[in-house]
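What follows is a single structure, written as structure tokens, with notes after it.
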Amino acid sequence: SGMVAMILLRTLYRDITKYNEIATSEEAAEETGWKLVHGDVFRKPSFSKLLAVSVGSGVQILGMSVVTLVFALLGFLSPAHRGALLQSVMLLFTFMGIFAGYFMSRLYKVFGGDDWKTATLLLAFFYPGIMFVVFFFLNLLIWGQKSSGAVPFTTMFALLVLWFGISVPLVFLGSYFGFRRDAISLPTRTNQIPRQIPAQPWFVSPTFTCLVGGILPFGAVFTELFFIMSSIWQHQFY
């Protein structure tokens, strides 16, 4: 795999060098396949701010997951301590806000964005806000049923303190450092005129691909859960 990766990197570097040296459109027209879009790869997308916010949130979740797995492998998170895993996940997600703000600002600067305050506010409140609203609504339903599994009010207040008192300032701090850095230099030049996308067949439409991409995993999971639940409730062995 290392040899294949080295060969691919050398080929990609050679292609990028050749693309940067192309002077006329006739020379560029000789390329075929994916090489035709090298001048449009780094074009600013339609919702660049939302994309940067999504990438920043993804970095935050990825960093939290990696550090949690490392701590669990080293034995710091023992299953004997109830709630230790959930507490570590919440704390790590909070402290990873500085990396989320940094990577979001770096990507947003590549797209030429300058409204860094709005982008940082979206990163700090958009996805965490959606998750908190859903969690609070479900917890209200559990409260209404007078269940002992409901999260107490003090815990909810502690989550808000972690969110507004630590996560949001760290997101702004990371975003500040990211916007102070120079913009990332792109390996290829972007064409001034966007390449026209030809008409696509019906099965390449976003609606159909989203449905197919969701039905296949759902079918596999549903089949497994059906047999597992049947074995559990019907006292059979799976």
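Chain labels run A, B, ... following the order of the structure tokens; each chain numbers its residues from 1, and ligands are numbered from 1 in the order shown.
Taking only C-alpha atoms, the non-local environment of Gly174 in chain A within 7 Å (same-chain residues fewer than 5 positions away omitted) comprises Ile98, Phe99, Gly101 and Tyr102 of chain A.
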Quiz prompt | Exercise: Gly39 in chain A partners within 6 Å, only C-alpha atoms, chain neighbours under 4 positions left out, as a list in words | solution =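 Counting only the stated atoms, we get Arg189, Thr190 and Asn191 of chain A.
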So that I have them on file, write out the residues from the current selection with N, CA, C and O atoms, as an mmCIF file, in the first residue's frame.
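Result file follows (out18.cif):
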data_model
loop_
_atom_site.group_PDB
_atom_site.id
_atom_site.type_symbol
_atom_site.label_atom_id
_atom_site.label_comp_id
_atom_site.auth_asym_id
_atom_site.auth_seq_id
_atom_site.Cartn_x
_atom_site.Cartn_y
_atom_site.Cartn_z
ATOM 1 N N ARG A 189 -4.498 26.212 -10.566
ATOM 2 C CA ARG A 189 -5.257 27.430 -10.799
ATOM 3 C C ARG A 189 -6.711 27.096 -11.114
ATOM 4 O O ARG A 189 -7.000 26.088 -11.742
ATOM 5 N N THR A 190 -7.609 27.973 -10.688
ATOM 6 C CA THR A 190 -9.033 27.800 -10.959
ATOM 7 C C THR A 190 -9.410 28.568 -12.215
ATOM 8 O O THR A 190 -9.055 29.742 -12.356
ATOM 9 N N ASN A 191 -10.111 27.911 -13.134
ATOM 10 C CA ASN A 191 -10.533 28.575 -14.364
ATOM 11 C C ASN A 191 -11.507 29.700 -14.060
ATOM 12 O O ASN A 191 -12.353 29.598 -13.168
#
Need to verify the contact set: range 149-159 of chain A, 9 Å, only C-alpha atoms, exclusion of same-chain residues closer than 3 positions in sequence. Can you return it as a PDB file with C-alpha atoms, in the first residue's frame?
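See selection39.pdb below for the written result:
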ATOM      1  CA  MET A  90     -18.587  15.573  26.569  1.00  0.00           C
ATOM      2  CA  PHE A 136     -33.950  18.592  25.575  1.00  0.00           C
ATOM      3  CA  ASN A 139     -35.767  14.650  27.987  1.00  0.00           C
ATOM      4  CA  LEU A 140     -38.988  16.638  28.442  1.00  0.00           C
ATOM      5  CA  LEU A 141     -40.956  13.616  27.261  1.00  0.00           C
ATOM      6  CA  ILE A 142     -39.121  11.427  29.766  1.00  0.00           C
ATOM      7  CA  TRP A 143     -39.791  13.998  32.496  1.00  0.00           C
ATOM      8  CA  LYS A 146     -41.882  10.655  35.556  1.00  0.00           C
ATOM      9  CA  LEU A 162     -19.722  23.704  29.256  1.00  0.00           C
ATOM     10  CA  TRP A 163     -21.236  24.876  25.982  1.00  0.00           C
ATOM     11  CA  PHE A 164     -21.351  28.636  26.567  1.00  0.00           C
TER      12      PHE A 164
END
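Between Leu85 in chain A and the candidates A:Leu62, A:Leu69, A:Ile130, A:Ala124, the tightest atom-to-atom separation, counting only C-alpha atoms, involves A:Leu69.
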Quiz item: Could you write out, as a ChimeraX atom specification, all the residues of range 2-209 of chain A that DSSP marks as helix (DSSP H, G or I)?
Solution: /A:2-21,25-29,33-37,48-73,84-95,97-110,116-144,153-180,202-204,206-209
Quiz prompt | Shell of 12 Å around Phe111 in chain A, only C-alpha atoms, local chain residues under 6 positions omitted, as a list of chain:residue names | solution = A:Val41, A:Phe42, A:Arg43, A:Lys44, A:Pro45, A:Ser46, A:Phe47, A:Ser48, A:Lys49, A:Leu50, A:Leu51, A:Ala52, A:Met104, A:Ser105, A:Ala183, A:Ile184, A:Ser185, A:Leu186, A:Thr190
Self-check item: Residue nearest Val161 in chain A among A:Val204, A:Leu91, A:Arg195, A:Thr68 (counting only C-alpha atoms)
Solution: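 Nearest to Val161 in chain A: A:Leu91.
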Quiz item: If we count only C-alpha atoms, what is near Ser88 in chain A at a cut-off of 10 Å, once residues fewer than 3 positions away on the same chain are taken out, given as a list in words?
Solution: Met64, Val67, Thr68, Phe71, Leu77, Gly83, Ala84, Leu85, Leu91, Leu92, Phe93 and Thr94 of chain A
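For the atom pair formed by CA of Phe179 in chain A and CA of Tyr108 in chain A, the distance is 8.8 Å, given to one decimal.
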Practice problem: Mind giving me the straight-line distance from CA of Arg181 in chain A to CA of Ala119 in chain A in Å, one decimal? | Solution: 16.5 Å
Exercise. Counting only C-alpha atoms, figure out which residue out of A:Val55, A:Met6, A:Leu225, A:Leu122 gets nearest to Phe172 in chain A.
Key: A:Leu122
Quiz prompt | Residue nearest Asp40 in chain A among A:Pro201, A:Pro187, A:Gly144, A:Gly112 (counting only C-alpha atoms) | solution =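 Checking each candidate against Asp40 in chain A, we get A:Pro187 as the closest.
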